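K.L.:
Structure file model_24.cif (mmCIF, C-alpha atoms) is given on the next line.
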```cif
data_entry
loop_
_atom_site.label_atom_id
_atom_site.label_comp_id
_atom_site.auth_asym_id
_atom_site.auth_seq_id
_atom_site.Cartn_x
_atom_site.Cartn_y
_atom_site.Cartn_z
CA MET X 1 -16.20 7.84 0.89
CA THR X 2 -17.80 10.99 -0.47
CA ALA X 3 -16.73 13.04 -3.45
CA ASP X 4 -15.73 15.87 -1.12
CA ALA X 5 -13.69 13.70 1.19
CA GLY X 6 -10.17 14.96 1.54
CA GLN X 7 -10.82 18.26 -0.25
CA ASP X 8 -9.05 20.29 2.41
CA ARG X 9 -6.08 17.97 2.43
CA ARG X 10 -6.04 17.85 -1.38
CA SER X 11 -4.97 21.49 -1.62
CA VAL X 12 -1.67 20.75 0.12
CA ALA X 13 -1.28 17.06 -0.67
CA SER X 14 1.66 15.51 -2.45
CA TYR X 15 1.71 12.39 -4.62
CA GLY X 16 0.89 9.23 -2.73
CA GLU X 17 -0.50 10.94 0.36
CA VAL X 18 -3.50 9.26 1.96
CA LEU X 19 -6.59 11.49 1.69
CA ASP X 20 -9.24 9.25 3.12
CA VAL X 21 -9.74 5.75 4.51
CA VAL X 22 -13.20 4.21 4.89
CA ASP X 23 -14.45 0.72 5.63
CA VAL X 24 -17.25 -0.44 3.36
CA GLY X 25 -18.36 -3.46 5.34
CA ARG X 26 -15.46 -5.90 5.05
CA VAL X 27 -13.69 -3.85 2.42
CA ARG X 28 -11.16 -1.14 3.28
CA LEU X 29 -11.05 1.65 0.73
CA THR X 30 -8.06 3.99 0.79
CA ARG X 31 -7.92 7.11 -1.36
CA ARG X 32 -4.50 8.54 -2.23
CA TYR X 33 -3.64 11.77 -3.96
CA GLY X 34 -2.38 11.30 -7.48
CA CYS X 35 -2.51 14.73 -9.05
CA ILE X 36 -4.90 17.67 -9.21
CA ARG X 37 -7.25 15.73 -11.50
CA ARG X 38 -7.17 12.18 -10.26
CA ASP X 39 -6.73 10.03 -7.21
CA GLN X 40 -5.83 6.40 -6.77
CA PHE X 41 -7.94 3.95 -4.78
CA GLU X 42 -6.75 0.87 -2.94
CA ILE X 43 -9.32 -1.84 -2.20
CA VAL X 44 -8.29 -4.34 0.45
CA THR X 45 -9.97 -7.28 2.14
CA LYS X 46 -8.73 -9.70 4.76
CA GLU X 47 -9.81 -12.63 2.63
CA PRO X 48 -9.26 -13.49 -1.07
CA PHE X 49 -11.55 -11.87 -3.60
CA PRO X 50 -14.27 -14.26 -4.80
CA SER X 51 -14.15 -15.39 -8.42
CA ALA X 52 -17.61 -13.89 -8.86
CA PHE X 53 -16.00 -10.49 -8.46
CA ARG X 54 -13.79 -11.12 -11.47
CA ASP X 55 -16.82 -12.14 -13.50
CA TRP X 56 -18.69 -9.01 -12.46
CA ILE X 57 -15.87 -6.53 -13.05
CA ALA X 58 -14.99 -8.18 -16.36
CA SER X 59 -18.31 -6.92 -17.68
CA ARG X 60 -17.04 -3.36 -17.20
CA GLY X 61 -14.13 -3.63 -19.64
CA GLU X 62 -11.49 -5.79 -21.23
CA LEU X 63 -10.05 -8.49 -18.99
CA ARG X 64 -6.34 -9.38 -19.15
CA GLU X 65 -5.38 -12.33 -16.99
CA ARG X 66 -1.99 -13.44 -15.74
CA PRO X 67 -1.53 -16.53 -13.56
CA THR X 68 -1.57 -14.59 -10.28
CA PHE X 69 -3.46 -11.39 -11.04
CA TYR X 70 -5.78 -9.80 -13.55
CA VAL X 71 -6.37 -6.36 -15.03
CA ILE X 72 -9.62 -4.76 -16.17
CA GLU X 73 -9.14 -2.08 -18.76
CA ALA X 74 -12.11 0.24 -19.22
CA PRO X 75 -11.02 2.79 -21.83
CA GLY X 76 -11.87 6.34 -20.90
CA ALA X 77 -12.86 5.23 -17.42
CA PHE X 78 -10.32 3.29 -15.34
CA GLN X 79 -7.92 0.43 -14.97
CA LEU X 80 -8.38 -1.98 -12.09
CA THR X 81 -5.55 -4.36 -11.18
CA VAL X 82 -6.52 -7.21 -8.87
CA ALA X 83 -4.41 -9.64 -6.85
CA PRO X 84 -7.31 -11.91 -5.82
CA ARG X 85 -5.41 -14.22 -3.49
CA ALA X 86 -3.81 -11.27 -1.69
CA GLY X 87 -7.21 -9.58 -1.37
CA ARG X 88 -6.00 -6.35 -2.91
CA ALA X 89 -6.82 -4.18 -5.92
CA ILE X 90 -5.81 -0.77 -7.23
CA LEU X 91 -8.19 1.46 -9.15
CA MET X 92 -6.44 3.95 -11.44
CA PRO X 93 -9.00 6.30 -13.02
CA ARG X 94 -8.51 8.00 -16.37
CA LEU X 95 -8.07 11.75 -16.59
CA ALA X 96 -11.26 11.92 -18.66
CA THR X 97 -13.24 11.29 -15.47
CA ASP X 98 -13.74 13.79 -12.68
CA LEU X 99 -12.93 13.38 -9.02
CA THR X 100 -16.60 12.84 -8.07
CA TRP X 101 -17.02 10.02 -10.57
CA GLN X 102 -13.75 8.45 -9.45
CA ALA X 103 -14.82 8.36 -5.81
CA GLN X 104 -18.30 7.05 -6.66
CA THR X 105 -16.89 4.30 -8.84
CA ALA X 106 -14.42 3.20 -6.18
CA ARG X 107 -17.25 3.12 -3.64
CA GLU X 108 -19.49 1.14 -5.98
CA ILE X 109 -16.79 -1.47 -6.57
CA ALA X 110 -16.15 -1.76 -2.83
CA GLU X 111 -19.88 -2.18 -2.13
CA VAL X 112 -20.28 -4.90 -4.73
CA LEU X 113 -17.22 -6.71 -3.42
CA ASP X 114 -18.48 -6.46 0.15
CA GLY X 115 -21.85 -7.82 -0.94
CA MET X 116 -20.18 -10.80 -2.56
CA LEU X 117 -18.06 -11.48 0.51
CA ASN X 118 -21.11 -11.33 2.77
CA HIS X 119 -23.14 -13.48 0.44
CA GLY X 120 -20.38 -16.09 0.45
CA SER X 121 -20.26 -16.03 4.25
CA CYS X 122 -24.02 -16.47 4.56
CA LEU X 123 -23.89 -19.49 2.30
CA ALA X 124 -21.03 -20.94 4.32
CA ASN X 125 -22.91 -20.39 7.57
CA THR X 126 -26.05 -21.88 6.12
CA ARG X 127 -24.17 -24.98 5.09
CA GLN X 128 -22.65 -25.28 8.54
CA ALA X 129 -26.04 -24.78 10.16
CA GLY X 130 -27.65 -27.27 7.84
CA MET H 1 10.38 -20.49 -2.65
CA ALA H 2 13.31 -18.34 -3.73
CA ILE H 3 13.03 -15.53 -6.26
CA ASP H 4 12.42 -17.10 -9.66
CA GLU H 5 13.63 -14.48 -12.11
CA ARG H 6 12.45 -16.44 -15.11
CA VAL H 7 8.84 -16.48 -13.89
CA ILE H 8 8.95 -12.78 -13.03
CA VAL H 9 10.44 -11.79 -16.39
CA GLU H 10 7.99 -13.97 -18.32
CA THR H 11 5.00 -12.60 -16.42
CA VAL H 12 6.00 -8.95 -16.65
CA THR H 13 6.92 -9.12 -20.33
CA GLY H 14 3.58 -10.87 -20.93
CA MET H 15 1.59 -8.12 -19.25
CA GLY H 16 1.23 -6.26 -22.52
CA LEU H 17 2.57 -3.02 -21.11
CA ALA H 18 1.59 -0.43 -23.68
CA GLY H 19 0.39 3.14 -23.71
CA ASN H 20 -3.34 3.80 -23.33
CA GLU H 21 -5.34 6.63 -24.92
CA GLU H 22 -3.68 9.02 -22.45
CA GLY H 23 -0.24 8.00 -23.66
CA LEU H 24 0.53 6.52 -20.25
CA ILE H 25 1.10 2.96 -19.05
CA PRO H 26 -0.79 2.34 -15.80
CA ALA H 27 1.07 -0.55 -14.19
CA PHE H 28 2.50 -1.42 -10.78
CA GLY H 29 0.36 1.35 -9.31
CA LEU H 30 2.35 3.86 -11.36
CA TYR H 31 1.88 5.79 -14.55
CA LEU H 32 4.84 4.60 -16.59
CA THR H 33 6.01 6.10 -19.85
CA ASN H 34 7.86 4.52 -22.73
CA HIS H 35 10.80 6.69 -23.71
CA TYR H 36 13.33 6.20 -26.40
CA ALA H 37 16.58 5.53 -24.58
CA ASP H 38 18.31 7.94 -26.97
CA PHE H 39 15.88 10.66 -25.91
CA TYR H 40 16.74 10.25 -22.23
CA ASN H 41 20.45 9.99 -23.01
CA ARG H 42 20.37 13.14 -25.12
CA ILE H 43 18.89 15.12 -22.24
CA SER H 44 21.07 13.58 -19.56
CA PHE H 45 24.38 13.90 -21.37
CA GLY H 46 23.31 17.25 -22.82
CA VAL H 47 22.81 18.65 -19.31
CA LEU H 48 26.19 17.34 -18.24
CA GLY H 49 27.92 18.69 -21.32
CA ALA H 50 26.28 22.11 -21.15
CA LEU H 51 27.17 22.62 -17.51
CA VAL H 52 30.73 21.40 -17.86
CA ARG H 53 31.42 23.39 -21.04
CA GLU H 54 30.35 26.61 -19.35
CA ASN H 55 31.93 25.89 -16.01
CA PRO H 56 34.25 22.87 -15.84
CA GLU H 57 34.36 23.23 -12.06
CA LEU H 58 30.67 22.27 -12.03
CA THR H 59 31.34 18.70 -13.12
CA GLU H 60 30.74 17.25 -9.66
CA ASP H 61 27.60 19.33 -9.26
CA ALA H 62 26.26 18.18 -12.63
CA VAL H 63 26.83 14.55 -11.70
CA ALA H 64 25.23 15.19 -8.30
CA LEU H 65 22.13 16.63 -9.99
CA LEU H 66 21.75 13.66 -12.32
CA THR H 67 22.31 11.28 -9.42
CA GLU H 68 19.70 13.08 -7.34
CA ALA H 69 17.24 12.73 -10.21
CA ALA H 70 17.98 9.01 -10.18
CA HIS H 71 17.42 8.80 -6.42
CA VAL H 72 13.99 10.44 -6.78
CA CYS H 73 13.15 8.17 -9.70
CA ALA H 74 14.17 5.04 -7.80
CA PHE H 75 12.26 6.09 -4.69
CA HIS H 76 8.99 6.49 -6.56
CA THR H 77 9.39 3.87 -9.27
CA PHE H 78 10.99 1.02 -7.32
CA GLY H 79 9.03 1.98 -4.21
CA GLY H 80 5.80 2.05 -6.19
CA ILE H 81 6.52 -1.30 -7.78
CA MET H 82 7.34 -2.92 -4.43
CA SER H 83 4.06 -1.57 -3.01
CA SER H 84 1.95 -2.64 -5.97
CA VAL H 85 -0.76 -5.21 -6.46
CA GLU H 86 1.34 -6.86 -9.16
CA TRP H 87 4.21 -7.24 -6.68
CA ASP H 88 1.84 -8.73 -4.09
CA ALA H 89 0.59 -11.28 -6.60
CA LEU H 90 3.79 -12.14 -8.42
CA VAL H 91 6.89 -11.48 -6.29
CA GLN H 92 5.71 -11.41 -2.68
CA PRO H 93 4.90 -15.15 -2.57
CA MET H 94 8.53 -15.87 -3.53
CA ILE H 95 10.03 -13.68 -0.82
CA GLU H 96 11.72 -15.41 2.11
CA SER H 97 14.07 -12.70 3.32
CA ARG H 98 14.59 -8.96 3.11
CA GLU H 99 17.33 -9.59 0.55
CA ASP H 100 14.74 -11.16 -1.74
CA TRP H 101 13.15 -7.71 -2.05
CA VAL H 102 16.38 -6.58 -3.74
CA ARG H 103 16.57 -9.68 -5.96
CA GLY H 104 12.89 -9.49 -6.85
CA MET H 105 13.20 -5.86 -7.86
CA MET H 106 16.23 -6.69 -9.97
CA ALA H 107 14.17 -9.31 -11.83
CA VAL H 108 11.43 -6.76 -12.55
CA VAL H 109 14.03 -4.28 -13.81
CA ASN H 110 15.41 -6.93 -16.15
CA ALA H 111 11.91 -7.52 -17.48
CA PHE H 112 11.66 -3.81 -18.32
CA GLY H 113 14.70 -4.14 -20.60
CA TRP H 114 16.86 -1.49 -18.98
CA GLY H 115 19.87 -3.78 -19.41
CA ARG H 116 20.91 -7.08 -17.86
CA PHE H 117 21.35 -6.54 -14.13
CA ARG H 118 22.89 -9.23 -11.93
CA VAL H 119 23.44 -9.16 -8.19
CA ALA H 120 27.11 -10.10 -7.73
CA GLU H 121 27.20 -9.55 -3.97
CA LEU H 122 24.64 -8.66 -1.34
CA LEU H 123 25.62 -8.25 2.29
CA PRO H 124 22.43 -7.60 4.26
CA ASP H 125 22.07 -4.00 5.41
CA GLU H 126 25.64 -3.30 4.34
CA ARG H 127 26.68 -3.65 0.71
CA LEU H 128 25.37 -4.43 -2.76
CA VAL H 129 27.45 -5.06 -5.88
CA VAL H 130 25.56 -5.20 -9.17
CA GLU H 131 26.89 -5.98 -12.62
CA LEU H 132 25.12 -4.47 -15.61
CA ARG H 133 25.54 -5.50 -19.21
CA ASP H 134 23.97 -3.76 -22.21
CA SER H 135 23.41 -0.59 -20.23
CA TYR H 136 21.48 1.83 -22.45
CA GLU H 137 23.28 4.73 -20.83
CA SER H 138 26.84 3.56 -21.54
CA SER H 139 26.05 2.18 -24.98
CA GLY H 140 24.08 5.35 -25.79
CA TYR H 141 26.98 7.47 -24.65
CA LEU H 142 29.44 5.66 -26.90
CA GLU H 143 27.11 6.11 -29.88
CA SER H 144 27.38 9.88 -29.59
CA TYR H 145 30.59 10.67 -27.75
CA PRO H 146 34.16 9.34 -27.58
CA ARG H 147 35.20 7.02 -24.78
CA THR H 148 35.19 8.89 -21.48
CA ASP H 149 37.41 8.74 -18.42
CA GLY H 150 34.49 8.65 -15.99
CA PRO H 151 31.34 6.57 -15.52
CA ARG H 152 28.18 7.63 -17.33
CA CYS H 153 25.31 5.42 -16.07
CA PHE H 154 23.88 8.07 -13.78
CA LEU H 155 20.33 6.74 -13.65
CA ALA H 156 21.31 3.12 -13.04
CA ASN H 157 23.89 4.16 -10.45
CA GLY H 158 21.49 6.29 -8.45
CA GLY H 159 18.84 3.64 -8.91
CA MET H 160 20.92 1.04 -7.12
CA ALA H 161 21.41 3.35 -4.13
CA GLY H 162 17.69 4.04 -4.18
CA LEU H 163 16.90 0.35 -4.06
CA MET H 164 19.12 -0.29 -1.03
CA ASN H 165 17.71 2.78 0.72
CA LEU H 166 14.16 1.59 0.13
CA VAL H 167 14.86 -1.89 1.46
CA TYR H 168 17.19 -1.18 4.39
CA GLN H 169 16.70 2.51 5.24
CA GLY H 170 13.07 3.26 4.43
CA ASP H 171 11.84 -0.29 5.15
CA ILE H 172 9.65 -0.65 2.09
CA THR H 173 8.58 -4.04 3.48
CA ARG H 174 6.22 -2.12 5.80
CA ARG H 175 4.71 -0.30 2.80
CA PRO H 176 5.21 3.30 3.95
CA ALA H 177 3.55 6.12 1.99
CA LEU H 178 6.10 7.26 -0.58
CA THR H 179 5.92 10.94 0.26
CA GLU H 180 8.43 13.74 -0.23
CA GLU H 181 8.85 13.81 3.53
CA LEU H 182 9.89 10.16 3.60
CA TYR H 183 12.23 10.71 0.66
CA ARG H 184 14.05 13.48 2.51
CA GLU H 185 14.15 11.45 5.71
CA VAL H 186 15.63 8.41 3.98
CA PHE H 187 18.13 10.00 1.64
CA SER H 188 19.37 12.75 3.97
CA ASP H 189 20.23 10.29 6.71
CA PRO H 190 24.02 10.25 7.12
CA ARG H 191 23.91 6.45 7.17
CA SER H 192 21.90 6.17 3.97
CA PHE H 193 23.29 4.31 0.98
CA ARG H 194 25.16 5.80 -1.95
CA SER H 195 26.38 4.05 -5.06
CA ARG H 196 29.50 4.47 -7.16
CA GLU H 197 29.93 3.08 -10.62
CA ARG H 198 33.24 1.26 -10.31
CA LEU H 199 33.25 -0.05 -13.89
CA CYS H 200 31.54 1.50 -16.90
CA ALA H 201 31.44 0.40 -20.52
CA ALA H 202 31.51 4.08 -21.50
CA LYS H 203 35.11 4.24 -20.25
CA GLY H 204 36.16 1.01 -21.87
CA ASP H 205 35.28 -1.60 -19.26
CA SER H 206 33.68 -4.84 -20.42
CA HIS H 207 30.52 -4.05 -18.45
CA CYS H 208 29.23 -1.65 -15.80
CA GLU H 209 29.42 -2.36 -12.09
CA PHE H 210 27.90 -0.55 -9.13
CA VAL H 211 29.03 -0.73 -5.51
CA VAL H 212 26.43 0.44 -3.00
CA GLU H 213 27.46 1.15 0.57
CA ARG H 214 26.39 3.31 3.48
CA MET H 215 27.89 6.81 3.56
CA GLN H 216 28.89 6.24 7.19
CA GLY H 217 29.48 2.65 8.15
#
```
Is it possible to give me this structure as structure tokens?
P.N.:
Amino acid sequence: MTADAGQDRRSVASYGEVLDVVDVGRVRLTRRYGCIRRDQFEIVTKEPFPSAFRDWIASRGELRERPTFYVIEAPGAFQLTVAPRAGRAILMPRLATDLTWQAQTAREIAEVLDGMLNHGSCLANTRQAG
Amino acid sequence: MAIDERVIVETVTGMGLAGNEEGLIPAFGLYLTNHYADFYNRISFGVLGALVRENPELTEDAVALLTEAAHVCAFHTFGGIMSSVEWDALVQPMIESREDWVRGMMAVVNAFGWGRFRVAELLPDERLVVELRDSYESSGYLESYPRTDGPRCFLANGGMAGLMNLVYQGDITRRPALTEELYREVFSDPRSFRSRERLCAAKGDSHCEFVVERMQG
């Protein structure tokens, strides 16, 4: 997902409209139009998010945990709400950020998550092989 | 597992929903706002009063406008909530039937403190009857105006129709994009749902009650 992705569609988009969908390895990243200054990003995997992801993202802001989901609040940057068992998260950027930063941040989160999922799989395969 | 309203209410009220530095509440994939109920009521009843004072024959049109605003609100707010990560984590695991989408949404609404909603009757794909106590619209109306001869919970009334349209007409269970195009498609269908407020505390009833049915059976 590039910063320019969906620019043509953005000019005529309405709230909630899908601008771009990319697969970052095992992570599907969907960008939806929010308003002229910010988009919303959905991060989906076919498997649950690893607990290591929570530990990593918690370093980016304040973590609020409920029994079935958690929220990372990064003032001035974003809020990320994660349903780990459902394998789904929503990134809601702050207006203080620009569209380029928003897209880059969403991509970075997806890449880290994909790396963790792949790392977990390699370990599992190694154990099976061993 | 059936819908456990207590768990939903406890979880949602414990989410610490509060405004951020933007003055918005990002939750359920939406940007919520925290209004004073009196503020909303003042605008809503002010619009009604202004239109009717100038042109009494516009009463039905004024009510239609306020109801339409409620339909749009329900479509985006309820639709957004039922498509959200929080819903996936909290409510979805309790859902066993399409009707549980209605009951689950009602539990979330109760957690928001918009009144005490209770599903009195739900016939799948056909009819919904909801009782509402402590409606901020009817109680707000009576704080500022004398008892009326017509119902006054325009937002709650349109909201109930919106909920049934999302579940049975727009099939929110498939998570469609909540676009203007879908809104028009769902709500302009001649078989879409509409609600009427059969009882309203603003006209002296003990509580408010909404009956939601299809325009054309």
K.L.:
Just how far from CA of Ser83 (chain H) is CA of Arg175 (chain H), in Å to one decimal?
P.N.:
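A separation of 6.0 Å between them.
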K.L.:
Let me know the residues the PyMOL selection byres ((chain X) within 9 of (chain H)) catches in the file above, as a tab-separated table (two decimals) with C-alpha atoms, in the frame of the given file.
P.N.:
```
chain	number	residue	atom	x	y	z
X	14	SER	CA	1.66	15.51	-2.45
X	15	TYR	CA	1.71	12.39	-4.62
X	16	GLY	CA	0.89	9.23	-2.73
X	17	GLU	CA	-0.50	10.94	0.36
X	18	VAL	CA	-3.50	9.26	1.96
X	40	GLN	CA	-5.83	6.40	-6.77
X	64	ARG	CA	-6.34	-9.38	-19.15
X	65	GLU	CA	-5.38	-12.33	-16.99
X	66	ARG	CA	-1.99	-13.44	-15.74
X	67	PRO	CA	-1.53	-16.53	-13.56
X	68	THR	CA	-1.57	-14.59	-10.28
X	69	PHE	CA	-3.46	-11.39	-11.04
X	70	TYR	CA	-5.78	-9.80	-13.55
X	75	PRO	CA	-11.02	2.79	-21.83
X	76	GLY	CA	-11.87	6.34	-20.90
X	79	GLN	CA	-7.92	0.43	-14.97
X	81	THR	CA	-5.55	-4.36	-11.18
X	82	VAL	CA	-6.52	-7.21	-8.87
X	83	ALA	CA	-4.41	-9.64	-6.85
X	84	PRO	CA	-7.31	-11.91	-5.82
X	85	ARG	CA	-5.41	-14.22	-3.49
X	86	ALA	CA	-3.81	-11.27	-1.69
X	88	ARG	CA	-6.00	-6.35	-2.91
X	89	ALA	CA	-6.82	-4.18	-5.92
X	90	ILE	CA	-5.81	-0.77	-7.23
X	91	LEU	CA	-8.19	1.46	-9.15
X	92	MET	CA	-6.44	3.95	-11.44
X	94	ARG	CA	-8.51	8.00	-16.37
X	95	LEU	CA	-8.07	11.75	-16.59
X	96	ALA	CA	-11.26	11.92	-18.66
```
K.L.:
Of the residues H:Asp171, H:Glu54, H:Asp4, H:Glu131, which is the one nearest to Val211 (chain H), using only C-alpha atoms?
P.N.:
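Of all the options, H:Glu131 lies closest to Val211 (chain H).
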K.L.:
Out of X:Ile109, X:Ile72, X:Val27, X:Leu19, which residue has the shortest atom-to-atom distance to Ser59 (chain X) when counting only C-alpha atoms?
P.N.:
X:Ile72
K.L.:
Work out how far apart CA of Asn34 (chain H) and CA of Ala70 (chain H) are and give it in Å to one decimal.
P.N.:
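It comes out at 16.7 Å.
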K.L.:
So, counting all atoms listed in the file, which residue among X:Ala74, X:Ala103, X:Leu113, X:Ile57 is closest to Val21 (chain X)?
P.N.:
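Smallest distance to Val21 (chain X) is found for X:Ala103.
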K.L.:
Please compute the CA of Ser144 (chain H)-CA of Ala120 (chain H) distance, one decimal, in Å.
P.N.:
29.6 Å
K.L.:
Exactly which residues make up the result of the PyMOL selection byres ((chain H and resi 138) around 7) on this file, given as a PDB file with C-alpha atoms, keeping the file's coordinate frame?
P.N.:
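Generated file (out.pdb):
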```pdb
ATOM      1  CA  SER H 135      23.410  -0.590 -20.230  1.00  0.00           C
ATOM      2  CA  TYR H 136      21.480   1.830 -22.450  1.00  0.00           C
ATOM      3  CA  GLU H 137      23.280   4.730 -20.830  1.00  0.00           C
ATOM      4  CA  SER H 139      26.050   2.180 -24.980  1.00  0.00           C
ATOM      5  CA  GLY H 140      24.080   5.350 -25.790  1.00  0.00           C
ATOM      6  CA  TYR H 141      26.980   7.470 -24.650  1.00  0.00           C
ATOM      7  CA  LEU H 142      29.440   5.660 -26.900  1.00  0.00           C
ATOM      8  CA  ARG H 152      28.180   7.630 -17.330  1.00  0.00           C
ATOM      9  CA  CYS H 153      25.310   5.420 -16.070  1.00  0.00           C
ATOM     10  CA  CYS H 200      31.540   1.500 -16.900  1.00  0.00           C
ATOM     11  CA  ALA H 201      31.440   0.400 -20.520  1.00  0.00           C
ATOM     12  CA  ALA H 202      31.510   4.080 -21.500  1.00  0.00           C
TER      13      ALA H 202
END
```
K.L.:
Can you list, as a PyMOL selection string, every protein, DNA or RNA residue that comes within 9 Å of region 100-112 of chain H when you count only C-alpha atoms, leaving out same-chain residues fewer than 6 positions away?
P.N.:
chain H and resi 2-6+8-13+78+81-82+87+91-92+94+118-119+122+163-164+167+172-173
K.L.:
Nearest residue to Ala18 (chain H) out of X:Ala110, X:Gln104, X:Arg9, X:Glu73, using only C-alpha atoms?
P.N.:
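When distances to Ala18 (chain H) are compared using only C-alpha atoms, the smallest one comes from X:Glu73.
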K.L.:
Within 10 Å of Leu123 (chain H), counting all atoms listed in the file, which residues show up once you throw out same-chain ones fewer than 6 positions away? Write them as a list in words, please.
P.N.:
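In the requested format, the answer is Glu99, Val129 and Glu213 of chain H.
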K.L.:
Can you tell me, as JSON, the centre and edge lengths (Å, one decimal) of the axis-aligned box enclosing all of region 47-63 of chain X's listed atoms after padding each side by 5 Å?
P.N.:
```
{"center_x": -14.0, "center_y": -9.4, "center_z": -9.3, "size_x": 19.4, "size_y": 22.0, "size_z": 33.9}
```
K.L.:
Let me make sure I understand: among H:Gly159, H:Gly79, H:Gly170, H:Gly113, which one has the smallest atom-to-atom distance to Arg194 (chain H) if we use all atoms listed in the file?
P.N.:
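Smallest distance to Arg194 (chain H) is found for H:Gly159.
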K.L.:
Can you list, as a ChimeraX atom specification, the residues that the PyMOL selection byres ((chain H and resi 186-189) around 10) selects here?
P.N.:
/H:68,71-72,75,161-162,165-166,168-171,180-185,190-194,214-216
K.L.:
Would you list the residues near (-17.2, 0.1, 8.0), meaning any protein, DNA or RNA residue with an atom at most 12 Å from that point in file coordinates, counting only C-alpha atoms, as an MDAnalysis selection string?
P.N.:
chainID X and resid 1 21:29 45 110:111 114
K.L.:
Would you mind telling me which residue in X:Ala106, X:Pro93, X:Leu99, X:Gly87 lies nearest to Glu47 (chain X) when using all atoms listed in the file?
P.N.:
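Selected residue with least distance to Glu47 (chain X): X:Gly87.
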